[in-house]
Amino acid sequence: MNAALLLALTLIFNAVTVAADPALSSSDEKNYQTMQKALYGILGSLQEAREEFPQLAGIDSATIKMDGLRDAGRIRLDYEKGVLKEDMAGPTFAEGGCDIVVQIEYPATQADIEMRPRLNGILFSLDDEKSYAVWSLVRVEENEGGKAFKARANTIISYHLRLMHAKLKGIIK
C-alpha cells in the first residue's frame, strides 16, 4: 500500500473515530471540573496542615489522577508515607506513616459501590438522574498522634466533599 493511500485511510479512520466519540455535555464537564477542584482543595488543605502533622511531611508527592472521563470517569487522590508492608491484616506503618485515598467516580451506580465493599463508598444522586460515588480511606499507625491526624484528615476530606456536593446540587455556586 502506498504512503498516500495509507495516509488517506488513517485520516478517514481518525475522523470517524472522533465523530463516534460523544462529546461531554456541558453539565458533565462542569461536574468533572467541580470534582477535580474538590480533590485539589483537599490536597491544598492537607498541605496547609503539614506543619502540624509529621504524616504530611511528604504531601507534595501526593498525586491526583484522572482517567476514563468519558463513560465512567474516575478522579483519585493518593498519598502514602511510611508504609512498611501491606497484607490482609492491613498496612504496617513506620512512625508518622499514613495512607490517604479519595476517589470519585461519575457517573456511578450502586454496583460500583458494591465492587469495593471494604472501602465504604457512598453513592450520591444528582438532579440530572445521574449519580456519583465517593470512596475515602485514611489509614495511620495506631497511636495518639495517628488518631489525631486521622481525625483532622477526615475532617478536611469531609469538608471538601460536602462543599463539592453542594456545588453539584446547585445549592451554592
# chains A, B, ... in the order shown; residues from 1 in each chain; ligands from 1
$ residues_around --residues "A:Asp28" --least-positions-apart "4" --cutoff "9 Å" --atoms "only C-alpha atoms" --output "PyMOL selection string"
chain A and resi 24+32-33+106-107
$ residues_around --residues "stretch 151-159 of chain A" --least-positions-apart "4" --cutoff "9 Å" --atoms "only C-alpha atoms" --output "ChimeraX atom specification"
/A:38-39,41-43,45-46,49,100,102,136-138,146-147,163-164
$ select_by_dssp --residues "stretch 4-168 of chain A" --states "strand (DSSP E or B)" --output "MDAnalysis selection string"
chainID A and resid 63:67 73:87 90:106 122:125 131:140
$ write_last_selection --atoms "C-alpha atoms" --output "PDB file, in the first residue's frame"
ATOM      1  CA  THR A  63      -0.934  12.525  43.151  1.00  0.00           C
ATOM      2  CA  ILE A  64      -4.273  13.331  41.608  1.00  0.00           C
ATOM      3  CA  LYS A  65      -5.041  11.051  38.693  1.00  0.00           C
ATOM      4  CA  MET A  66      -7.916  11.291  36.257  1.00  0.00           C
ATOM      5  CA  ASP A  67      -8.911   8.503  33.942  1.00  0.00           C
ATOM      6  CA  GLY A  73     -14.756   8.937  34.944  1.00  0.00           C
ATOM      7  CA  ARG A  74     -12.575   8.379  37.954  1.00  0.00           C
ATOM      8  CA  ILE A  75     -10.634  11.043  39.750  1.00  0.00           C
ATOM      9  CA  ARG A  76      -8.373   9.889  42.571  1.00  0.00           C
ATOM     10  CA  LEU A  77      -6.093  11.469  45.160  1.00  0.00           C
ATOM     11  CA  ASP A  78      -3.352   9.213  46.546  1.00  0.00           C
ATOM     12  CA  TYR A  79      -0.810   9.890  49.273  1.00  0.00           C
ATOM     13  CA  GLU A  80       1.337   7.389  51.096  1.00  0.00           C
ATOM     14  CA  LYS A  81       4.129   7.880  53.615  1.00  0.00           C
ATOM     15  CA  GLY A  82       5.955   5.284  55.660  1.00  0.00           C
ATOM     16  CA  VAL A  83       4.089   2.133  54.663  1.00  0.00           C
ATOM     17  CA  LEU A  84       6.435  -0.675  55.670  1.00  0.00           C
ATOM     18  CA  LYS A  85       4.277  -3.569  54.487  1.00  0.00           C
ATOM     19  CA  GLU A  86       0.722  -4.343  53.460  1.00  0.00           C
ATOM     20  CA  ASP A  87      -1.025  -7.656  53.958  1.00  0.00           C
ATOM     21  CA  GLY A  90      -3.800  -4.108  56.724  1.00  0.00           C
ATOM     22  CA  PRO A  91      -0.733  -1.911  56.500  1.00  0.00           C
ATOM     23  CA  THR A  92       2.158  -1.624  58.913  1.00  0.00           C
ATOM     24  CA  PHE A  93       3.457   1.923  59.166  1.00  0.00           C
ATOM     25  CA  ALA A  94       6.739   3.473  60.163  1.00  0.00           C
ATOM     26  CA  GLU A  95       6.494   6.241  62.757  1.00  0.00           C
ATOM     27  CA  GLY A  96       4.491   9.100  61.231  1.00  0.00           C
ATOM     28  CA  GLY A  97       3.262   6.912  58.383  1.00  0.00           C
ATOM     29  CA  CYS A  98      -0.113   7.113  56.695  1.00  0.00           C
ATOM     30  CA  ASP A  99      -2.099   6.239  53.602  1.00  0.00           C
ATOM     31  CA  ILE A 100      -4.814   8.507  52.134  1.00  0.00           C
ATOM     32  CA  VAL A 101      -7.080   7.678  49.196  1.00  0.00           C
ATOM     33  CA  VAL A 102     -10.053   9.699  47.959  1.00  0.00           C
ATOM     34  CA  GLN A 103     -11.710   8.526  44.754  1.00  0.00           C
ATOM     35  CA  ILE A 104     -14.711   9.944  42.920  1.00  0.00           C
ATOM     36  CA  GLU A 105     -16.443   8.152  40.056  1.00  0.00           C
ATOM     37  CA  TYR A 106     -19.026   9.811  37.805  1.00  0.00           C
ATOM     38  CA  ILE A 122     -21.219   6.234  49.226  1.00  0.00           C
ATOM     39  CA  LEU A 123     -23.474   6.855  46.226  1.00  0.00           C
ATOM     40  CA  PHE A 124     -24.936  10.347  45.739  1.00  0.00           C
ATOM     41  CA  SER A 125     -27.754  11.225  43.337  1.00  0.00           C
ATOM     42  CA  SER A 131     -25.134   9.625  40.452  1.00  0.00           C
ATOM     43  CA  TYR A 132     -21.555   9.777  41.621  1.00  0.00           C
ATOM     44  CA  ALA A 133     -19.666   7.603  44.066  1.00  0.00           C
ATOM     45  CA  VAL A 134     -17.077   8.600  46.636  1.00  0.00           C
ATOM     46  CA  TRP A 135     -14.595   6.372  48.404  1.00  0.00           C
ATOM     47  CA  SER A 136     -12.412   7.789  51.137  1.00  0.00           C
ATOM     48  CA  LEU A 137      -9.852   5.992  53.244  1.00  0.00           C
ATOM     49  CA  VAL A 138      -7.337   7.322  55.778  1.00  0.00           C
ATOM     50  CA  ARG A 139      -5.098   4.750  57.444  1.00  0.00           C
ATOM     51  CA  VAL A 140      -2.485   5.553  60.078  1.00  0.00           C
TER      52      VAL A 140
END
$ closest_residue --among "A:Thr109, A:Asn31, A:Ile59, A:Leu119" --to "A:Gly170" --atoms "only C-alpha atoms"
A:Asn31
$ select_by_dssp --residues "stretch 31-163 of chain A" --states "alpha helix (DSSP H)" --output "ChimeraX atom specification"
/A:31-48,110-114,144-163
$ closest_residue --among "A:Ile171, A:Arg50, A:Gln36, A:Gln55" --to "A:Glu141" --atoms "only C-alpha atoms"
A:Gln55
$ atom_distance --atom1 "atom CA of A:Ala166" --atom2 "atom CA of A:Asp112"
22.2 Å
$ atom_distance --atom1 "atom CA of A:Asn143" --atom2 "atom CA of A:Leu56"
16.0 Å
$ atom_distance --atom1 "atom CA of A:Lys150" --atom2 "atom CA of A:Ala108"
27.0 Å
$ decode --residues "stretch 72-110 of chain A" --atoms "N, CA and C atoms" --output "compact mmCIF listing (two decimals), in the first residue's frame"
# COMPACT_ATOMS: atom_id res chain seq x y z
N ALA A 72 -17.24 6.46 32.26
CA ALA A 72 -17.24 6.37 33.73
C ALA A 72 -15.93 6.98 34.19
N GLY A 73 -15.96 8.23 34.57
CA GLY A 73 -14.76 8.94 34.94
C GLY A 73 -14.38 8.69 36.38
N ARG A 74 -13.09 8.53 36.61
CA ARG A 74 -12.58 8.38 37.95
C ARG A 74 -11.52 9.45 38.18
N ILE A 75 -11.63 10.07 39.33
CA ILE A 75 -10.63 11.04 39.75
C ILE A 75 -10.19 10.58 41.13
N ARG A 76 -8.87 10.52 41.34
CA ARG A 76 -8.37 9.89 42.57
C ARG A 76 -7.19 10.66 43.12
N LEU A 77 -7.22 10.89 44.44
CA LEU A 77 -6.09 11.47 45.16
C LEU A 77 -5.43 10.34 45.94
N ASP A 78 -4.12 10.23 45.83
CA ASP A 78 -3.35 9.21 46.55
C ASP A 78 -2.18 9.86 47.27
N TYR A 79 -1.99 9.47 48.52
CA TYR A 79 -0.81 9.89 49.27
C TYR A 79 -0.44 8.76 50.22
N GLU A 80 0.84 8.46 50.25
CA GLU A 80 1.34 7.39 51.10
C GLU A 80 2.68 7.81 51.67
N LYS A 81 2.85 7.59 52.97
CA LYS A 81 4.13 7.88 53.62
C LYS A 81 4.38 6.81 54.67
N GLY A 82 5.53 6.19 54.61
CA GLY A 82 5.95 5.28 55.66
C GLY A 82 5.20 3.97 55.76
N VAL A 83 4.72 3.45 54.63
CA VAL A 83 4.09 2.13 54.66
C VAL A 83 5.21 1.10 54.57
N LEU A 84 5.37 0.32 55.64
CA LEU A 84 6.44 -0.67 55.67
C LEU A 84 6.04 -1.96 54.95
N LYS A 85 4.78 -2.38 55.18
CA LYS A 85 4.28 -3.57 54.49
C LYS A 85 2.76 -3.52 54.48
N GLU A 86 2.18 -4.26 53.58
CA GLU A 86 0.72 -4.34 53.46
C GLU A 86 0.37 -5.80 53.27
N ASP A 87 -0.55 -6.29 54.10
CA ASP A 87 -1.03 -7.66 53.96
C ASP A 87 -2.52 -7.68 54.23
N MET A 88 -3.09 -8.86 54.36
CA MET A 88 -4.54 -8.98 54.56
C MET A 88 -5.01 -8.33 55.85
N ALA A 89 -4.13 -8.22 56.83
CA ALA A 89 -4.48 -7.59 58.10
C ALA A 89 -4.45 -6.07 58.00
N GLY A 90 -3.91 -5.55 56.90
CA GLY A 90 -3.80 -4.11 56.72
C GLY A 90 -2.34 -3.69 56.67
N PRO A 91 -2.11 -2.40 56.63
CA PRO A 91 -0.73 -1.91 56.50
C PRO A 91 -0.02 -1.85 57.84
N THR A 92 1.30 -1.90 57.77
CA THR A 92 2.16 -1.62 58.91
C THR A 92 2.92 -0.36 58.56
N PHE A 93 2.86 0.62 59.45
CA PHE A 93 3.46 1.92 59.17
C PHE A 93 4.71 2.16 59.98
N ALA A 94 5.62 2.92 59.41
CA ALA A 94 6.74 3.47 60.16
C ALA A 94 6.17 4.62 61.01
N GLU A 95 6.95 5.12 61.94
CA GLU A 95 6.49 6.24 62.76
C GLU A 95 6.13 7.42 61.85
N GLY A 96 4.95 7.98 62.05
CA GLY A 96 4.49 9.10 61.23
C GLY A 96 3.99 8.68 59.86
N GLY A 97 3.71 7.40 59.68
CA GLY A 97 3.26 6.91 58.38
C GLY A 97 1.75 7.02 58.23
N CYS A 98 1.32 7.06 56.98
CA CYS A 98 -0.11 7.11 56.69
C CYS A 98 -0.38 6.73 55.24
N ASP A 99 -1.64 6.55 54.95
CA ASP A 99 -2.10 6.24 53.60
C ASP A 99 -3.44 6.95 53.43
N ILE A 100 -3.57 7.78 52.39
CA ILE A 100 -4.81 8.51 52.13
C ILE A 100 -5.23 8.24 50.70
N VAL A 101 -6.50 7.87 50.53
CA VAL A 101 -7.08 7.68 49.20
C VAL A 101 -8.46 8.33 49.19
N VAL A 102 -8.71 9.16 48.20
CA VAL A 102 -10.05 9.70 47.96
C VAL A 102 -10.32 9.51 46.47
N GLN A 103 -11.38 8.79 46.15
CA GLN A 103 -11.71 8.53 44.75
C GLN A 103 -13.16 8.91 44.49
N ILE A 104 -13.37 9.56 43.36
CA ILE A 104 -14.71 9.94 42.92
C ILE A 104 -14.94 9.33 41.54
N GLU A 105 -16.09 8.72 41.36
CA GLU A 105 -16.44 8.15 40.06
C GLU A 105 -17.77 8.74 39.61
N TYR A 106 -17.82 9.19 38.35
CA TYR A 106 -19.03 9.81 37.81
C TYR A 106 -19.15 9.48 36.33
N PRO A 107 -20.31 9.05 35.87
CA PRO A 107 -21.44 8.61 36.67
C PRO A 107 -21.13 7.27 37.33
N ALA A 108 -21.93 6.95 38.33
CA ALA A 108 -21.71 5.72 39.09
C ALA A 108 -23.05 5.10 39.46
N THR A 109 -22.99 3.82 39.82
CA THR A 109 -24.19 3.09 40.21
C THR A 109 -23.92 2.37 41.53
N GLN A 110 -24.96 1.79 42.10
CA GLN A 110 -24.81 1.01 43.32
C GLN A 110 -23.87 -0.17 43.10
